[in-house]
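Novice: I'd like to ask some things about the structure below.
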Amino acid sequence: MSRGRGRDQRPATQEREQRLLTLVPDRIERYAMAHTTPLPPLLEELVVVTHERFGRQARMLSGQLEGTLLQMLIASMQARRVLEIGTFTGFAAQMMAAALPDNGELITCDIDPKAIEVARRFFERSPHGDKISLHEGPALETMRSLEPPFDLIFIDADKESYIAYYEEALRLILPTGLIAIDNVLWSGRVLDPKEESDRAIVAFNEYVSRDQRITNVVLTIRDGLMLVRRK
Ligand SMILES: C[S@@+](CC[C@H](N)C(=O)[O-])C[C@H]1O[C@@H](n2cnc3c(N)ncnc32)[C@H](O)[C@@H]1O
């Protein structure tokens, strides 16, 4: 039915992934996953543990498709320094760190001690864990304490702060770097915003659209991923 590494080889992950965020029909998401490089066993295990410990919140995992896309970007731009805003259990951090060279550095930050405990435990077991440093504390404080340049910055934390994170990211990013912002379609709620987080995403998207300093694209992968680079 499918080539090479078919989805039948890893049905458990795909059943779990069905509960994650996607804007496309489940069957299309499953097909795309079945034809994308599979996760290494440690990340498969992390997905299981995250679902066990966090239940519905596990939907926050960026997942195989988005994680692999970030890896591709990092590898093809030969990035050395990456910043992530919002670690959760460290899924995307591990994916991105794997694409960095041995002397590469990934800084990630979060405020949730329960998620940080899981992330740290898995970073210790990762062959790329030495490249990762996890800062515990509010993201804006972490960002303000950092010096440029970063090759790629992945923004994936509280939506109400996205504009502030974006402005700090523009300060920190290399002129040739990329800023990737997650959840910019917010399960489609951008079309009919009701809650504060809906309005925050709408305001963010409008803010970036009007920004003359950059060019950007909104990808309809997963929950919407925006890529931004300086002109
Ligand atoms: C969507 S999850 C991150 C998922 C992760 N990037 C991944 O791909 O697996 C968002 C995370 O942002 C964290 N967060 C929320 N507000 C924050 C803040 N002010 N500073 C740092 N982290 C924050 C949450 O605790 C949560 O773990």
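By convention here, the chains of the structure tokens are called A, B, ... in the order presented, each chain's residues are numbered starting at 1, and ligands are numbered starting at 1 in the order presented.
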As a quick test: using only C-alpha atoms and all ligand atoms, which residues lie no more than 7 Å away from ligand 1? Give them as a PDB file with N, CA and C atoms, in the first residue's frame.
Specialist:
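Contents of the output file selection_15.pdb:
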```pdb
ATOM      1  N   MET A  60       0.197  19.568  22.544  1.00  0.00           N
ATOM      2  CA  MET A  60       1.176  20.648  22.358  1.00  0.00           C
ATOM      3  C   MET A  60       2.461  20.169  21.682  1.00  0.00           C
ATOM      4  N   LEU A  61       2.719  18.861  21.686  1.00  0.00           N
ATOM      5  CA  LEU A  61       3.903  18.343  20.990  1.00  0.00           C
ATOM      6  C   LEU A  61       3.850  18.766  19.527  1.00  0.00           C
ATOM      7  N   SER A  62       4.943  19.271  19.020  1.00  0.00           N
ATOM      8  CA  SER A  62       4.890  19.699  17.611  1.00  0.00           C
ATOM      9  C   SER A  62       4.792  18.502  16.656  1.00  0.00           C
ATOM     10  N   GLY A  63       5.349  17.373  17.012  1.00  0.00           N
ATOM     11  CA  GLY A  63       5.107  16.158  16.248  1.00  0.00           C
ATOM     12  C   GLY A  63       6.088  15.904  15.110  1.00  0.00           C
ATOM     13  N   GLU A  84      14.748  27.976  21.147  1.00  0.00           N
ATOM     14  CA  GLU A  84      13.337  27.560  21.165  1.00  0.00           C
ATOM     15  C   GLU A  84      12.631  28.232  22.336  1.00  0.00           C
ATOM     16  N   ILE A  85      11.458  28.775  22.069  1.00  0.00           N
ATOM     17  CA  ILE A  85      10.648  29.407  23.112  1.00  0.00           C
ATOM     18  C   ILE A  85       9.483  28.465  23.407  1.00  0.00           C
ATOM     19  N   GLY A  86       9.551  27.778  24.550  1.00  0.00           N
ATOM     20  CA  GLY A  86       8.528  26.776  24.911  1.00  0.00           C
ATOM     21  C   GLY A  86       9.033  25.365  24.658  1.00  0.00           C
ATOM     22  N   THR A  87       9.628  24.771  25.693  1.00  0.00           N
ATOM     23  CA  THR A  87      10.246  23.436  25.568  1.00  0.00           C
ATOM     24  C   THR A  87       9.201  22.325  25.615  1.00  0.00           C
ATOM     25  N   PHE A  88       8.229  22.465  26.547  1.00  0.00           N
ATOM     26  CA  PHE A  88       7.310  21.382  26.940  1.00  0.00           C
ATOM     27  C   PHE A  88       8.167  20.170  27.320  1.00  0.00           C
ATOM     28  N   THR A  89       7.926  18.995  26.756  1.00  0.00           N
ATOM     29  CA  THR A  89       8.735  17.836  27.168  1.00  0.00           C
ATOM     30  C   THR A  89       9.977  17.633  26.287  1.00  0.00           C
ATOM     31  N   GLY A  90      10.274  18.619  25.450  1.00  0.00           N
ATOM     32  CA  GLY A  90      11.549  18.599  24.735  1.00  0.00           C
ATOM     33  C   GLY A  90      11.540  17.889  23.399  1.00  0.00           C
ATOM     34  N   PHE A  91      10.356  17.650  22.857  1.00  0.00           N
ATOM     35  CA  PHE A  91      10.284  16.940  21.573  1.00  0.00           C
ATOM     36  C   PHE A  91      10.990  17.723  20.466  1.00  0.00           C
ATOM     37  N   ALA A  92      10.542  18.961  20.221  1.00  0.00           N
ATOM     38  CA  ALA A  92      11.131  19.743  19.125  1.00  0.00           C
ATOM     39  C   ALA A  92      12.593  20.065  19.418  1.00  0.00           C
ATOM     40  N   ALA A  93      12.908  20.265  20.689  1.00  0.00           N
ATOM     41  CA  ALA A  93      14.311  20.548  21.047  1.00  0.00           C
ATOM     42  C   ALA A  93      15.204  19.390  20.610  1.00  0.00           C
ATOM     43  N   CYS A 109      13.577  27.092  26.560  1.00  0.00           N
ATOM     44  CA  CYS A 109      13.140  27.600  27.864  1.00  0.00           C
ATOM     45  C   CYS A 109      11.675  27.267  28.121  1.00  0.00           C
ATOM     46  N   ASP A 110      11.365  27.118  29.410  1.00  0.00           N
ATOM     47  CA  ASP A 110       9.977  26.839  29.797  1.00  0.00           C
ATOM     48  C   ASP A 110       9.791  27.228  31.261  1.00  0.00           C
ATOM     49  N   ILE A 111       8.516  27.331  31.655  1.00  0.00           N
ATOM     50  CA  ILE A 111       8.220  27.693  33.054  1.00  0.00           C
ATOM     51  C   ILE A 111       7.552  26.555  33.816  1.00  0.00           C
ATOM     52  N   ASP A 112       7.244  25.449  33.138  1.00  0.00           N
ATOM     53  CA  ASP A 112       6.466  24.376  33.770  1.00  0.00           C
ATOM     54  C   ASP A 112       7.403  23.296  34.335  1.00  0.00           C
ATOM     55  N   ALA A 115       6.873  19.624  33.070  1.00  0.00           N
ATOM     56  CA  ALA A 115       7.344  19.374  31.701  1.00  0.00           C
ATOM     57  C   ALA A 115       8.870  19.387  31.664  1.00  0.00           C
ATOM     58  N   GLY A 137      12.338  29.371  33.376  1.00  0.00           N
ATOM     59  CA  GLY A 137      11.925  30.734  33.704  1.00  0.00           C
ATOM     60  C   GLY A 137      11.173  31.357  32.554  1.00  0.00           C
ATOM     61  N   PRO A 138      10.579  32.547  32.778  1.00  0.00           N
ATOM     62  CA  PRO A 138       9.787  33.201  31.736  1.00  0.00           C
ATOM     63  C   PRO A 138      10.620  33.466  30.474  1.00  0.00           C
ATOM     64  N   ALA A 139      10.034  33.152  29.346  1.00  0.00           N
ATOM     65  CA  ALA A 139      10.774  33.212  28.075  1.00  0.00           C
ATOM     66  C   ALA A 139      11.323  34.597  27.776  1.00  0.00           C
ATOM     67  N   LEU A 140      10.537  35.618  28.096  1.00  0.00           N
ATOM     68  CA  LEU A 140      10.990  36.962  27.746  1.00  0.00           C
ATOM     69  C   LEU A 140      12.266  37.313  28.515  1.00  0.00           C
ATOM     70  N   ASP A 156       7.108  29.034  20.338  1.00  0.00           N
ATOM     71  CA  ASP A 156       6.040  28.039  20.540  1.00  0.00           C
ATOM     72  C   ASP A 156       5.590  28.040  22.008  1.00  0.00           C
ATOM     73  N   ALA A 157       5.348  29.248  22.568  1.00  0.00           N
ATOM     74  CA  ALA A 157       4.906  29.307  23.975  1.00  0.00           C
ATOM     75  C   ALA A 157       3.577  30.069  24.048  1.00  0.00           C
ATOM     76  N   ASP A 158       3.329  30.785  25.158  1.00  0.00           N
ATOM     77  CA  ASP A 158       2.043  31.466  25.360  1.00  0.00           C
ATOM     78  C   ASP A 158       1.770  32.487  24.253  1.00  0.00           C
TER      79      ASP A 158
END
```
Novice: Within range 44-95 of chain A, find each residue whose DSSP state, derived from the backbone, is alpha helix (DSSP H), and express the selection as JSON, numbers by chain.
Specialist: {"A": [44, 45, 46, 47, 48, 49, 50, 51, 52, 53, 54, 63, 64, 65, 66, 67, 68, 69, 70, 71, 72, 73, 74, 75, 76, 91, 92, 93, 94, 95]}
Novice: So how many Å separate CA of Leu100 in chain A and CA of Gly177 in chain A, to one decimal?
Specialist: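 Value for the CA of Leu100 in chain A-CA of Gly177 in chain A distance: 14.4 Å.
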Novice: Can you pull out the residues contacting Asp102 in chain A? Cut-off 12 Å, using only C-alpha atoms, and skip same-chain residues under 6 positions away; I want them as a PyMOL selection string.
Specialist: chain A and resi 78-81+127-132
Novice: I want to know what sits within 9 Å of Ile181 in chain A, based on only C-alpha atoms, with residues of the same chain fewer than 3 positions away left out; could you give that as a compact mmCIF listing (two decimals) with C-alpha atoms, in the first residue's frame?
Specialist:
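Generated output (around.txt):
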```txt
# COMPACT_ATOMS: atom_id res chain seq x y z
CA ILE A 153 14.39 30.75 16.47
CA PHE A 154 11.28 28.62 17.06
CA ILE A 155 8.51 30.46 18.94
CA ASP A 156 6.04 28.04 20.54
CA TYR A 162 3.96 36.33 20.60
CA TYR A 166 8.84 38.17 17.78
CA VAL A 184 -0.55 30.74 13.76
CA GLY A 224 -0.09 26.61 11.07
CA LEU A 225 3.62 27.41 11.01
CA MET A 226 4.84 30.85 9.96
CA LEU A 227 8.36 31.35 8.61
CA VAL A 228 9.88 34.83 8.73
```
Novice: So that I can see what lies close to Arg59 in chain A, please list as a list in words the residues with an atom at most 12 Å from it, counting only C-alpha atoms and leaving out residues fewer than 2 positions away in the same chain.
Specialist: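 These residues fall inside the cut-off: Arg16, Glu17, Gln18, Arg19, Leu20, Leu21, Thr22, Val47, Val48, Thr50, His51, Glu52, Phe54, Gly55, Arg56, Gln57, Leu61, Ser62, Gly63, Phe88, Thr89, Phe91, Asn183, Ser187, Arg222 and Asp223 of chain A.
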Novice: Write down as a list in words the residues of range 3-168 of chain A whose backbone DSSP state falls under strand (DSSP E).
Specialist: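 Residues meeting the strand (DSSP E) criterion: Arg81, Val82, Leu83, Glu84, Ile85, Glu105, Leu106, Ile107, Thr108, Cys109, Asp110, Ile132, Ser133, Leu134, His135, Glu136, Phe150, Asp151, Leu152, Ile153, Phe154 and Ile155 of chain A.
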Novice: Given only C-alpha atoms as the basis, pick out the residue of A:Arg213, A:Glu141, A:Gln64, A:Ala32 nearest to Met96 in chain A.
Specialist: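 Nearest candidate to Met96 in chain A out of A:Arg213, A:Glu141, A:Gln64, A:Ala32: A:Gln64.
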Novice: Let me make sure I understand: among A:Val82, A:Thr220, A:Arg121, A:Ser133, which one has the smallest atom-to-atom distance to Leu70 in chain A if we use only C-alpha atoms?
Specialist: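 Of all the options, A:Val82 lies closest to Leu70 in chain A.
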Novice: For CA of Pro41 in chain A and CA of Leu83 in chain A, determine how far apart the two atoms are, in Å to one decimal place.
Specialist: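 These two atoms are separated by 24.3 Å.
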Novice: How many Å lie between CA of Asn205 in chain A and CA of Ile116 in chain A, rounded to one decimal?
Specialist: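 Going from CA of Asn205 in chain A over to CA of Ile116 in chain A, I get 28.8 Å.
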